[in-house]
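Asks: Sharing start.cif, mmCIF, C-alpha atoms:
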data_coords
loop_
_atom_site.group_PDB
_atom_site.id
_atom_site.type_symbol
_atom_site.label_atom_id
_atom_site.label_comp_id
_atom_site.auth_asym_id
_atom_site.auth_seq_id
_atom_site.Cartn_x
_atom_site.Cartn_y
_atom_site.Cartn_z
ATOM 1 C CA MET E 186 -19.901 -15.495 -51.034
ATOM 2 C CA GLU E 187 -18.694 -17.911 -48.573
ATOM 3 C CA GLN E 188 -20.938 -19.003 -45.728
ATOM 4 C CA LYS E 189 -19.337 -19.041 -42.294
ATOM 5 C CA ASN E 190 -19.688 -22.044 -40.218
ATOM 6 C CA PRO E 191 -22.391 -21.445 -37.570
ATOM 7 C CA LEU E 192 -20.196 -23.121 -34.978
ATOM 8 C CA VAL E 193 -17.392 -20.611 -35.620
ATOM 9 C CA ILE E 194 -19.852 -17.734 -35.416
ATOM 10 C CA LEU E 195 -21.288 -19.025 -32.145
ATOM 11 C CA THR E 196 -17.804 -19.628 -30.682
ATOM 12 C CA THR E 197 -16.698 -16.119 -31.680
ATOM 13 C CA TRP E 198 -19.849 -14.678 -30.153
ATOM 14 C CA ILE E 199 -19.297 -16.593 -26.876
ATOM 15 C CA VAL E 200 -15.635 -15.480 -26.687
ATOM 16 C CA ASN E 201 -16.657 -11.858 -27.302
ATOM 17 C CA TYR E 202 -19.406 -12.178 -24.693
ATOM 18 C CA GLU E 203 -16.985 -13.582 -22.109
ATOM 19 C CA GLN E 204 -14.443 -10.800 -22.790
ATOM 20 C CA HIS E 205 -17.196 -8.206 -22.490
ATOM 21 C CA GLU E 206 -18.390 -9.823 -19.246
ATOM 22 C CA GLU E 207 -14.833 -9.700 -17.823
ATOM 23 C CA GLN E 208 -14.587 -6.001 -18.734
ATOM 24 C CA LEU E 209 -17.934 -5.349 -17.077
ATOM 25 C CA GLN E 210 -16.821 -7.228 -13.949
ATOM 26 C CA THR E 211 -13.605 -5.172 -13.801
ATOM 27 C CA GLN E 212 -15.593 -1.945 -14.226
ATOM 28 C CA LEU E 213 -18.094 -3.100 -11.573
ATOM 29 C CA VAL E 214 -15.278 -3.740 -9.070
ATOM 30 C CA ALA E 215 -13.787 -0.300 -9.847
ATOM 31 C CA ALA E 216 -17.228 1.326 -9.479
ATOM 32 C CA ARG E 217 -17.858 -0.436 -6.133
ATOM 33 C CA THR E 218 -14.427 0.685 -4.888
ATOM 34 C CA HIS E 219 -15.193 4.252 -5.952
ATOM 35 C CA VAL E 220 -18.650 4.139 -4.281
ATOM 36 C CA ALA E 221 -17.059 2.841 -1.056
ATOM 37 C CA MET E 222 -14.541 5.694 -1.136
ATOM 38 C CA LEU E 223 -17.335 8.236 -1.762
ATOM 39 C CA GLU E 224 -19.408 6.780 1.082
ATOM 40 C CA GLY E 225 -16.396 7.114 3.392
ATOM 41 C CA ASN E 226 -15.915 10.727 2.306
ATOM 42 C CA LEU E 227 -19.634 11.362 2.821
ATOM 43 C CA ALA E 228 -19.494 9.923 6.340
ATOM 44 C CA THR E 229 -16.453 12.053 7.188
ATOM 45 C CA THR E 230 -18.129 15.147 5.736
ATOM 46 C CA GLN E 231 -21.302 14.457 7.722
ATOM 47 C CA ARG E 232 -19.284 14.134 10.954
ATOM 48 C CA TRP E 233 -17.545 17.448 10.215
ATOM 49 C CA LEU E 234 -20.877 19.046 9.385
ATOM 50 C CA ALA E 235 -22.293 17.856 12.708
ATOM 51 C CA LYS E 236 -19.302 19.383 14.519
ATOM 52 C CA PHE E 237 -19.714 22.666 12.649
ATOM 53 C CA ARG E 238 -23.426 22.737 13.472
ATOM 54 C CA ASP E 239 -22.535 22.260 17.141
ATOM 55 C CA LEU E 240 -20.015 25.113 16.921
ATOM 56 C CA LEU E 241 -22.573 27.317 15.174
ATOM 57 C CA ALA E 242 -25.131 26.580 17.886
ATOM 58 C CA ILE E 243 -22.578 27.490 20.551
ATOM 59 C CA LEU E 244 -21.683 30.733 18.748
ATOM 60 C CA GLU E 245 -25.332 31.659 18.243
ATOM 61 C CA SER E 246 -26.210 30.996 21.888
ATOM 62 C CA THR E 247 -23.143 32.956 23.004
ATOM 63 C CA ASN E 248 -24.093 35.790 20.676
ATOM 64 C CA ASN E 249 -27.690 35.796 21.969
ATOM 65 C CA GLU E 250 -26.448 35.769 25.558
ATOM 66 C CA SER E 251 -24.028 38.612 24.788
ATOM 67 C CA ILE E 252 -26.762 40.670 23.162
ATOM 68 C CA ALA E 253 -29.031 40.103 26.148
ATOM 69 C CA ILE E 254 -26.247 41.144 28.533
ATOM 70 C CA LEU E 255 -25.392 44.212 26.459
ATOM 71 C CA GLU E 256 -29.044 45.246 26.217
ATOM 72 C CA ARG E 257 -29.505 44.759 29.947
ATOM 73 C CA ASP E 258 -26.298 46.644 30.787
ATOM 74 C CA ALA E 259 -26.934 49.478 28.319
ATOM 75 C CA ASP E 260 -29.620 50.942 30.552
ATOM 76 C CA ALA E 261 -28.028 49.947 33.853
ATOM 77 C CA THR E 262 -26.105 52.362 35.997
ATOM 78 C CA PHE E 263 -22.604 52.730 34.611
ATOM 79 C CA LYS E 264 -20.276 51.388 37.275
ATOM 80 C CA VAL E 265 -16.563 51.972 36.800
ATOM 81 C CA ALA E 266 -13.988 52.201 39.528
ATOM 82 C CA GLY E 267 -11.908 55.321 39.558
ATOM 83 C CA THR E 268 -12.139 59.031 40.148
ATOM 84 C CA HIS E 269 -15.267 61.003 39.327
ATOM 85 C CA PHE E 270 -13.585 62.287 36.184
ATOM 86 C CA GLU E 271 -12.654 58.744 35.073
ATOM 87 C CA ARG E 272 -16.196 57.529 35.696
ATOM 88 C CA ILE E 273 -17.748 60.454 33.779
ATOM 89 C CA GLU E 274 -15.249 59.984 30.940
ATOM 90 C CA ALA E 275 -15.976 56.238 30.744
ATOM 91 C CA PHE E 276 -19.733 56.915 30.760
ATOM 92 C CA LEU E 277 -19.528 59.431 27.900
ATOM 93 C CA LEU E 278 -17.236 57.150 25.869
ATOM 94 C CA ALA E 279 -19.634 54.235 26.393
ATOM 95 C CA LYS E 280 -22.427 56.454 25.051
ATOM 96 C CA LYS E 281 -20.301 57.308 21.962
ATOM 97 C CA ASN E 282 -19.598 60.767 23.389
ATOM 98 C CA GLU E 283 -23.087 61.960 22.546
ATOM 99 C CA PRO E 284 -23.827 65.126 24.533
ATOM 100 C CA ARG E 285 -25.574 64.381 27.857
ATOM 101 C CA THR E 286 -27.200 66.523 30.496
ATOM 102 C CA VAL E 287 -25.883 66.602 34.048
ATOM 103 C CA ALA E 288 -29.010 64.675 35.091
ATOM 104 C CA GLU E 289 -28.251 61.919 32.552
ATOM 105 C CA ILE E 290 -24.622 61.750 33.694
ATOM 106 C CA GLU E 291 -25.806 61.576 37.309
ATOM 107 C CA ALA E 292 -28.216 58.731 36.530
ATOM 108 C CA GLY E 293 -25.625 56.855 34.484
ATOM 109 C CA THR E 294 -22.671 57.188 36.856
ATOM 110 C CA ASN E 295 -24.373 57.386 40.244
ATOM 111 C CA ILE E 296 -22.300 60.460 41.087
ATOM 112 C CA ALA E 297 -23.902 63.420 42.895
ATOM 113 C CA ARG E 298 -24.747 66.471 40.728
ATOM 114 C CA SER E 299 -22.519 68.707 42.786
ATOM 115 C CA SER E 300 -19.530 66.403 42.180
ATOM 116 C CA ILE E 301 -20.324 66.236 38.449
ATOM 117 C CA SER E 302 -20.520 70.032 38.298
ATOM 118 C CA ALA E 303 -17.165 70.299 40.081
ATOM 119 C CA VAL E 304 -15.545 68.063 37.439
ATOM 120 C CA LEU E 305 -17.244 69.807 34.494
ATOM 121 C CA TYR E 306 -16.745 73.416 35.651
ATOM 122 C CA ARG E 307 -13.561 73.355 37.767
ATOM 123 C CA THR E 308 -11.217 70.383 37.974
ATOM 124 C CA HIS E 309 -11.351 69.177 34.350
ATOM 125 C CA SER E 310 -13.228 71.928 32.530
ATOM 126 C CA GLU E 311 -10.678 72.024 29.690
ATOM 127 C CA LEU E 312 -11.525 68.416 28.748
ATOM 128 C CA PHE E 313 -15.279 68.973 28.334
ATOM 129 C CA GLN E 314 -17.387 71.062 26.011
ATOM 130 C CA ALA E 315 -20.861 72.351 26.746
ATOM 131 C CA LYS E 316 -23.643 73.191 24.315
ATOM 132 C CA PHE E 317 -26.959 74.899 24.752
ATOM 133 C CA ILE E 318 -29.917 73.216 23.122
ATOM 134 C CA SER E 319 -32.832 75.431 22.230
ATOM 135 C CA GLY E 320 -35.935 74.610 24.206
ATOM 136 C CA GLN E 321 -33.958 73.165 27.105
ATOM 137 C CA ARG E 322 -32.960 74.887 30.288
ATOM 138 C CA GLY E 323 -29.540 73.343 30.858
ATOM 139 C CA LYS E 324 -26.451 72.456 28.894
ATOM 140 C CA VAL E 325 -25.402 69.150 27.423
ATOM 141 C CA TRP E 326 -21.846 67.964 27.909
ATOM 142 C CA SER E 327 -19.385 65.846 25.937
ATOM 143 C CA LEU E 328 -15.648 65.282 25.839
ATOM 144 C CA ARG E 329 -13.685 67.814 23.776
ATOM 145 C CA ASN E 330 -11.281 65.238 22.352
ATOM 146 C CA PRO E 331 -12.618 61.723 22.900
ATOM 147 C CA ALA E 332 -9.761 60.220 20.858
ATOM 148 C CA ALA E 333 -7.310 61.417 23.520
ATOM 149 C CA SER E 334 -9.285 59.466 26.109
ATOM 150 C CA MET E 335 -9.133 56.244 24.126
ATOM 151 C CA PRO E 336 -6.329 53.824 24.912
ATOM 152 C CA PRO E 337 -3.615 53.724 22.244
ATOM 153 C CA PRO E 338 -3.771 50.902 19.703
ATOM 154 C CA PRO E 339 -1.655 47.872 20.557
ATOM 155 C CA ASP E 340 1.947 47.884 19.421
ATOM 156 C CA PRO E 341 2.281 45.352 16.569
ATOM 157 C CA SER E 342 5.920 44.753 17.464
ATOM 158 C CA LEU E 343 4.722 43.159 20.715
ATOM 159 C CA ASP E 344 2.585 40.592 18.882
ATOM 160 C CA PRO E 345 3.946 37.060 18.876
ATOM 161 C CA PRO E 346 5.194 35.719 15.536
ATOM 162 C CA PRO E 347 2.487 34.018 13.455
ATOM 163 C CA ASP E 348 1.909 30.357 14.122
ATOM 164 C CA PRO E 349 2.599 28.437 10.881
ATOM 165 C CA VAL E 350 0.023 25.838 11.880
ATOM 166 C CA LEU E 351 -2.710 28.431 12.288
ATOM 167 C CA ASP E 352 -1.613 30.742 9.468
ATOM 168 C CA LEU E 353 -3.737 29.363 6.633
ATOM 169 C CA VAL E 354 -3.520 32.424 4.391
ATOM 170 C CA GLY E 355 -2.264 31.514 0.959
ATOM 171 C CA MET E 356 -2.725 27.785 1.335
ATOM 172 C CA ASP E 357 -4.386 26.088 -1.601
ATOM 173 C CA GLU E 358 -5.249 22.911 0.229
ATOM 174 C CA PRO E 359 -4.271 21.428 3.572
ATOM 175 C CA ASP E 360 -1.412 18.975 3.871
ATOM 176 C CA TRP E 361 -3.594 16.738 6.012
ATOM 177 C CA VAL E 362 -7.257 16.404 6.835
ATOM 178 C CA PRO E 363 -7.886 15.514 10.483
ATOM 179 C CA ASP E 364 -10.287 12.692 11.216
ATOM 180 C CA PRO E 365 -13.225 14.276 13.077
ATOM 181 C CA GLU E 366 -13.684 11.197 15.260
ATOM 182 C CA VAL E 367 -10.075 11.200 16.440
ATOM 183 C CA GLU E 368 -8.745 14.762 16.232
ATOM 184 C CA ASP E 369 -10.174 18.112 17.291
ATOM 185 C CA ILE E 370 -10.847 20.896 14.848
ATOM 186 C CA PRO E 371 -7.597 22.923 14.652
ATOM 187 C CA PHE E 372 -9.156 26.253 15.620
#
As a first step, turn the structure in this file into structure tokens.
Replies:
Amino acid sequence: MEQKNPLVILTTWIVNYEQHEEQLQTQLVAARTHVAMLEGNLATTQRWLAKFRDLLAILESTNNESIAILERDADATFKVAGTHFERIEAFLLAKKNEPRTVAEIEAGTNIARSSISAVLYRTHSELFQAKFISGQRGKVWSLRNPAASMPPPPDPSLDPPPDPVLDLVGMDEPDWVPDPEVEDIPF
């Protein structure tokens, strides 16, 4: 068996070490480039997240304000401009057409009982139905056909054509991603 020269072995080892070091340096540069790209993506994502949190806070505060307004207005006197019939109709529709006594209609519409009775018994009697409830002295009233009182659904032929920028249905991924520091959110 032939002995290798220690100088050759050491030279081979040094050459291999230098090649390995060059590979590691190349991989380190690639890793640093990738980390820099990921940090940039993280920063962009954090900016978007901050914007979405702001939007969520706005929506939540708007929702809370709306709920407070609706709760406050639910018990308030129902004020609608129009004839007595239109005001009674709007009141009953707002109360989901649940049967109401004349006293409840009076309190909710601020119309005199005599005027309510005139609408219910004479001028528009065919549009209302009355029921007797056992244990109560008076009748409760509701609309006969509340669907007829509802406005018709909007005509889809009158809708504008869809906006291709806003129509995101069926898109796998966006063609561009706006920079949150420069561009507004597209909705």
Asks: Pull out every residue that the PyMOL selection byres ((chain E and resi 272) around 12) matches in the shown coordinates and put them as a list of chain:residue names.
Replies: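 Against this file, the PyMOL selection byres ((chain E and resi 272) around 12) returns the residues E:Thr262, E:Phe263, E:Lys264, E:Val265, E:Ala266, E:Gly267, E:Thr268, E:His269, E:Phe270, E:Glu271, E:Ile273, E:Glu274, E:Ala275, E:Phe276, E:Leu277, E:Leu278, E:Ala279, E:Ile290, E:Glu291, E:Gly293, E:Thr294, E:Asn295, E:Ile296, E:Ser300, E:Ile301, E:Val304, E:Ser334.
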Asks: Can you pull out every residue within 8 Å of Trp326 of chain E, counting all atoms listed in the file, but drop anything in the same chain fewer than 6 positions away, and send it as a ChimeraX atom specification?
Replies: /E:284-287,313-316
Asks: So how far away is atom CA of Phe237 of chain E from atom CA of Ser251 of chain E, in Å?
Replies: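 Separation of atom CA of Ser251 of chain E and atom CA of Phe237 of chain E: 20.5 Å.
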Asks: Suppose you want the space between atom CA of Leu328 of chain E and atom CA of Glu311 of chain E; what is it in Å?
Replies: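 Atom CA of Leu328 of chain E sits 9.2 Å away from atom CA of Glu311 of chain E.
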Asks: Please, what distance in Å, to one decimal, runs between atom CA of Glu283 of chain E and atom CA of Pro331 of chain E?
Replies: 10.5 Å
Asks: Between E:Leu312, E:Val325, E:Ala228, E:Leu240, which has the minimum distance to Glu289 of chain E (counting all atoms listed in the file)?
Replies: E:Val325
